[in-house]
Structures are given as C-alpha cells and as structure tokens.
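Next up, coords.cif (mmCIF, C-alpha atoms, pLDDT in the B column; chains and numbers go by the auth columns):
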data_data
loop_
_atom_site.group_PDB
_atom_site.id
_atom_site.type_symbol
_atom_site.label_atom_id
_atom_site.label_comp_id
_atom_site.label_asym_id
_atom_site.label_seq_id
_atom_site.Cartn_x
_atom_site.Cartn_y
_atom_site.Cartn_z
_atom_site.B_iso_or_equiv
_atom_site.auth_seq_id
_atom_site.auth_asym_id
ATOM 1 C CA MET A 1 115.020 121.436 151.429 50.00 58 A
ATOM 2 C CA ALA A 2 111.763 120.057 150.126 53.00 59 A
ATOM 3 C CA THR A 3 110.047 117.142 151.887 63.00 60 A
ATOM 4 C CA LYS A 4 109.327 113.857 150.085 65.00 61 A
ATOM 5 C CA LYS A 5 105.622 114.736 149.669 65.00 62 A
ATOM 6 C CA THR A 6 106.481 118.145 148.205 65.00 63 A
ATOM 7 C CA ALA A 7 108.996 116.539 145.868 61.00 64 A
ATOM 8 C CA LYS A 8 106.440 113.960 144.680 67.00 65 A
ATOM 9 C CA LYS A 9 103.824 116.668 144.091 69.00 66 A
ATOM 10 C CA ALA A 10 106.326 118.778 142.178 63.00 67 A
ATOM 11 C CA THR A 11 107.325 115.746 140.080 59.00 68 A
ATOM 12 C CA LYS A 12 103.680 114.932 139.222 65.00 69 A
ATOM 13 C CA LYS A 13 102.990 118.569 138.317 67.00 70 A
ATOM 14 C CA ALA A 14 106.107 118.838 136.151 57.00 71 A
ATOM 15 C CA THR A 15 105.296 115.523 134.466 58.00 72 A
ATOM 16 C CA LYS A 16 101.801 116.752 133.548 61.00 73 A
ATOM 17 C CA LYS A 17 103.218 120.023 132.170 63.00 74 A
ATOM 18 C CA ALA A 18 105.835 118.141 130.164 55.00 75 A
ATOM 19 C CA GLY A 19 103.152 116.006 128.503 60.00 76 A
ATOM 20 C CA ASN A 20 103.650 112.880 130.639 55.00 77 A
ATOM 21 C CA LYS A 21 107.377 112.741 129.802 59.00 78 A
ATOM 22 C CA LYS A 22 109.692 111.661 132.583 60.00 79 A
ATOM 23 C CA VAL A 23 111.020 114.575 134.613 55.00 80 A
ATOM 24 C CA SER A 24 113.745 114.169 137.196 62.00 81 A
ATOM 25 C CA ARG A 25 112.786 114.799 140.764 59.00 82 A
ATOM 26 C CA ARG A 26 115.615 117.341 141.147 64.00 83 A
ATOM 27 C CA ALA A 27 114.395 119.392 138.158 60.00 84 A
ATOM 28 C CA ALA A 28 110.813 119.294 139.415 54.00 85 A
ATOM 29 C CA VAL A 29 111.764 120.428 142.911 56.00 86 A
ATOM 30 C CA ALA A 30 113.983 123.196 141.530 62.00 87 A
ATOM 31 C CA LYS A 31 111.067 124.561 139.495 62.00 88 A
ATOM 32 C CA ALA A 32 108.670 124.275 142.442 59.00 89 A
ATOM 33 C CA LYS A 33 110.852 126.251 144.880 58.00 90 A
ATOM 34 C CA PRO A 34 109.685 129.810 145.403 58.00 91 A
ATOM 35 C CA LYS A 35 112.187 132.383 144.200 58.00 92 A
ATOM 36 C CA LYS A 36 113.819 134.556 146.799 60.00 93 A
ATOM 37 C CA ALA A 37 113.005 138.242 146.713 58.00 94 A
ATOM 38 C CA ALA A 38 115.850 140.553 145.861 57.00 95 A
ATOM 39 C CA ARG A 39 117.626 141.675 148.980 60.00 96 A
ATOM 40 C CA ARG A 40 117.493 145.404 149.526 60.00 97 A
ATOM 41 C CA SER A 41 119.509 147.328 152.010 56.00 98 A
ATOM 42 C CA ALA A 42 117.540 149.816 154.072 59.00 99 A
ATOM 43 C CA ALA A 43 120.536 152.006 154.839 60.00 100 A
ATOM 44 C CA PRO A 44 122.778 153.579 152.191 61.00 101 A
ATOM 45 C CA SER A 45 126.307 152.275 151.973 62.00 102 A
ATOM 46 C CA PRO A 46 128.901 154.036 154.162 63.00 103 A
ATOM 47 C CA ALA A 47 130.788 155.112 151.038 61.00 104 A
ATOM 48 C CA ALA A 48 127.735 157.062 149.826 60.00 105 A
ATOM 49 C CA ALA A 49 128.032 159.392 152.823 62.00 106 A
ATOM 50 C CA PHE A 50 131.497 160.497 151.711 65.00 107 A
ATOM 51 C CA GLN A 51 130.744 161.212 148.072 66.00 108 A
ATOM 52 C CA VAL A 52 131.448 164.788 147.077 63.00 109 A
ATOM 53 C CA ALA A 53 129.164 166.458 144.567 61.00 110 A
ATOM 54 C CA ALA A 54 130.859 167.522 141.353 58.00 111 A
ATOM 55 C CA PRO A 55 131.021 171.245 140.649 48.00 112 A
ATOM 56 C CA VAL A 56 127.896 172.519 138.952 59.00 113 A
ATOM 57 C CA VAL A 57 129.811 174.274 136.191 68.00 114 A
ATOM 58 C CA ALA A 58 133.600 174.228 135.883 85.00 115 A
ATOM 59 C CA ILE A 59 134.267 177.588 134.255 90.00 116 A
ATOM 60 C CA PRO A 60 137.634 179.358 134.012 93.00 117 A
ATOM 61 C CA CYS A 61 138.315 182.635 135.812 92.00 118 A
ATOM 62 C CA TRP A 62 138.171 184.781 132.656 91.00 119 A
ATOM 63 C CA GLN A 63 134.595 183.680 132.020 92.00 120 A
ATOM 64 C CA TYR A 64 133.579 184.087 135.666 92.00 121 A
ATOM 65 C CA LYS A 65 135.225 187.497 136.143 90.00 122 A
ATOM 66 C CA LYS A 66 134.497 188.663 132.554 90.00 123 A
ATOM 67 C CA CYS A 67 137.882 190.383 132.394 87.00 124 A
ATOM 68 C CA GLY A 68 138.183 190.283 128.593 89.00 125 A
ATOM 69 C CA ARG A 69 141.809 189.071 128.591 89.00 126 A
ATOM 70 C CA GLU A 70 141.233 185.743 126.811 91.00 127 A
ATOM 71 C CA PRO A 71 141.899 185.511 123.047 91.00 128 A
ATOM 72 C CA GLY A 72 139.219 187.543 121.286 92.00 129 A
ATOM 73 C CA GLY A 73 138.423 189.434 124.498 92.00 130 A
ATOM 74 C CA VAL A 74 137.628 193.159 124.581 92.00 131 A
ATOM 75 C CA LYS A 75 140.738 194.150 126.597 89.00 132 A
ATOM 76 C CA ILE A 76 143.382 192.214 124.642 90.00 133 A
ATOM 77 C CA ALA A 77 144.726 195.311 122.888 91.00 134 A
ATOM 78 C CA GLU A 78 144.902 197.259 126.148 89.00 135 A
ATOM 79 C CA LEU A 79 146.150 194.623 128.639 86.00 136 A
ATOM 80 C CA GLY A 80 147.266 191.596 126.595 88.00 137 A
ATOM 81 C CA ILE A 81 146.412 187.947 127.142 91.00 138 A
ATOM 82 C CA CYS A 82 146.096 186.896 130.777 90.00 139 A
ATOM 83 C CA PRO A 83 148.986 184.759 132.086 91.00 140 A
ATOM 84 C CA ALA A 84 146.397 182.327 133.487 92.00 141 A
ATOM 85 C CA TYR A 85 145.107 181.577 129.956 91.00 142 A
ATOM 86 C CA PRO A 86 144.742 178.687 128.913 91.00 143 A
ATOM 87 C CA ASN A 87 146.148 176.357 131.594 92.00 144 A
ATOM 88 C CA HIS A 88 145.334 178.136 134.854 91.00 145 A
ATOM 89 C CA GLY A 89 141.727 179.196 134.453 91.00 146 A
ATOM 90 C CA ARG A 90 140.660 177.137 137.464 93.00 147 A
ATOM 91 C CA ASP A 91 143.666 178.106 139.602 93.00 148 A
ATOM 92 C CA CYS A 92 144.580 181.615 138.456 92.00 149 A
ATOM 93 C CA TRP A 93 146.068 182.375 141.894 92.00 150 A
ATOM 94 C CA MET A 94 148.959 180.073 140.922 92.00 151 A
ATOM 95 C CA ALA A 95 149.892 182.144 137.832 91.00 152 A
ATOM 96 C CA ALA A 96 152.176 185.121 138.424 90.00 153 A
ATOM 97 C CA GLY A 97 151.266 188.453 136.845 86.00 154 A
ATOM 98 C CA THR A 98 147.493 188.143 136.698 88.00 155 A
ATOM 99 C CA PHE A 99 145.528 191.378 136.609 84.00 156 A
ATOM 100 C CA CYS A 100 142.919 191.742 139.359 82.00 157 A
ATOM 101 C CA GLY A 101 141.367 194.776 140.962 76.00 158 A
ATOM 102 C CA GLY A 102 142.926 197.077 138.373 77.00 159 A
ATOM 103 C CA GLN A 103 146.509 196.049 139.207 82.00 160 A
ATOM 104 C CA VAL A 104 149.041 193.426 138.195 83.00 161 A
ATOM 105 C CA GLN A 105 149.149 191.079 141.171 86.00 162 A
ATOM 106 C CA GLY A 106 152.762 189.819 141.097 87.00 163 A
ATOM 107 C CA THR A 107 154.052 186.426 142.219 88.00 164 A
ATOM 108 C CA TYR A 108 152.110 183.717 144.006 88.00 165 A
ATOM 109 C CA ALA A 109 153.517 184.662 147.414 87.00 166 A
ATOM 110 C CA GLU A 110 152.761 188.361 146.891 89.00 167 A
ATOM 111 C CA LYS A 111 149.195 187.923 145.714 89.00 168 A
ATOM 112 C CA LEU A 112 147.809 184.947 147.649 90.00 169 A
ATOM 113 C CA GLY A 113 146.322 187.151 150.400 90.00 170 A
ATOM 114 C CA ASN A 114 144.326 189.137 147.808 90.00 171 A
ATOM 115 C CA CYS A 115 143.312 185.960 145.980 92.00 172 A
ATOM 116 C CA GLN A 116 141.899 184.440 149.152 93.00 173 A
ATOM 117 C CA LYS A 117 139.473 187.386 149.351 93.00 174 A
ATOM 118 C CA CYS A 118 138.369 186.840 145.731 92.00 175 A
ATOM 119 C CA GLU A 119 134.847 185.451 145.192 93.00 176 A
ATOM 120 C CA PHE A 120 136.037 183.139 142.377 93.00 177 A
ATOM 121 C CA TYR A 121 138.837 181.691 144.558 93.00 178 A
ATOM 122 C CA GLN A 122 136.416 181.059 147.435 93.00 179 A
ATOM 123 C CA GLN A 123 133.850 179.360 145.197 92.00 180 A
ATOM 124 C CA VAL A 124 136.429 177.125 143.509 92.00 181 A
ATOM 125 C CA MET A 125 137.851 176.116 146.894 92.00 182 A
ATOM 126 C CA SER A 126 134.378 175.292 148.251 90.00 183 A
ATOM 127 C CA GLY A 127 133.466 173.344 145.078 86.00 184 A
ATOM 128 C CA ILE A 128 130.618 175.605 143.963 82.00 185 A
ATOM 129 C CA VAL A 129 132.131 176.723 140.656 78.00 186 A
#
Kindly transcribe the structure held in the file into structure tokens.
Amino acid sequence: MATKKTAKKATKKATKKAGNKKVSRRAAVAKAKPKKAARRSAAPSPAAAFQVAAPVVAIPCWQYKKCGREPGGVKIAELGICPAYPNHGRDCWMAAGTFCGGQVQGTYAEKLGNCQKCEFYQQVMSGIV
C-alpha cells in the first residue's frame, strides 16, 4: 500500500497530467503503482513430462509395405483387394486373411506371432509410424 506522501505525489502528478482537473487519490495511486512482471515458471509443468509425441506420419500398411492390394494397385488382378483395406490399414494384424510373406496369414490367433515380427507392426506399436 502506498504511503500518504507517495499518494500525495501521485495525486499532484496526475492532476498536472490531467490539466489541473481534480483526480481522485485512488486513481492517482493506482496509476503510480509499478506493474508486476509476468510470473514465469522455471520448471515445465508435470503434465508436460507425460505428453506423447504424435506419430510422424500415420500411413496405412498397404502404403508402408507397398503390397499393391489397395484399389488401383498393381496386384489387384492377381491377389484381390486386401481384407485390411480400408478400415484396418493401421491395425492389419486384426484383419483375418491378410497376405504377408507370400502367404495368406489366416485368423488373428493364427497370425499374431508372425505379425509381431513385422517391421510395420513394431513401428506402429512404438508410435514411429
């Protein structure tokens, strides 16, 4: 809180600036108070430590593996459209009957072991792709 002398000085100063019009002491003191500097935190917030980076590029398996089984692909006539297209491009291991390593892979339970060895599967699970 400002002292009486500071308040009087601030009132005189404000009165001069206002062209000798009456200025309330409260208004003069409020203008005379130094503004507080913005408070900055030195340490990042705890929530910032737990933020997970978004994948760099979220591409579907048929683009990553370049298998040619998406509509317009080079192997459509030979192998047909992939069962993972269009809804399971990011989790093709969930779709039964996908074609990997030159063979139809079967059901989820039958193929999961092979899928876990797949580079695409590993990168999606680690958040890289």
Test item: the PyMOL selection byres ((chain A and resi 137-147) around 8) resolved as a ChimeraX atom specification: /A:115-119,126-128,132-136,148-149,151-156,181
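Interatomic distance, atom CA of A:Cys124 to atom CA of A:Gly158: 10.2 Å.
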Neighbours of A:Cys175 within 10 Å (all atoms listed in the file; same-chain residues fewer than 4 positions away dropped), as a list in words? Trp150, Cys157, Gly158, Leu169, Gly170, Asn171, Gln179 and Gln180 of chain A
Go ahead and write the selection's residues with C-alpha atoms as a PDB file, in the frame of the given file.
ATOM      1  CA  TRP A 150     146.068 182.375 141.894  1.00 92.00           C
ATOM      2  CA  CYS A 157     142.919 191.742 139.359  1.00 82.00           C
ATOM      3  CA  GLY A 158     141.367 194.776 140.962  1.00 76.00           C
ATOM      4  CA  LEU A 169     147.809 184.947 147.649  1.00 90.00           C
ATOM      5  CA  GLY A 170     146.322 187.151 150.400  1.00 90.00           C
ATOM      6  CA  ASN A 171     144.326 189.137 147.808  1.00 90.00           C
ATOM      7  CA  GLN A 179     136.416 181.059 147.435  1.00 93.00           C
ATOM      8  CA  GLN A 180     133.850 179.360 145.197  1.00 92.00           C
TER       9      GLN A 180
END
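Our summary of the geometry notes that atom CA of A:Val186 is positioned 15.1 Å from atom CA of A:Gln173.
Going from atom CA of A:Gln162 to atom CA of A:Tyr121 covers 17.9 Å.
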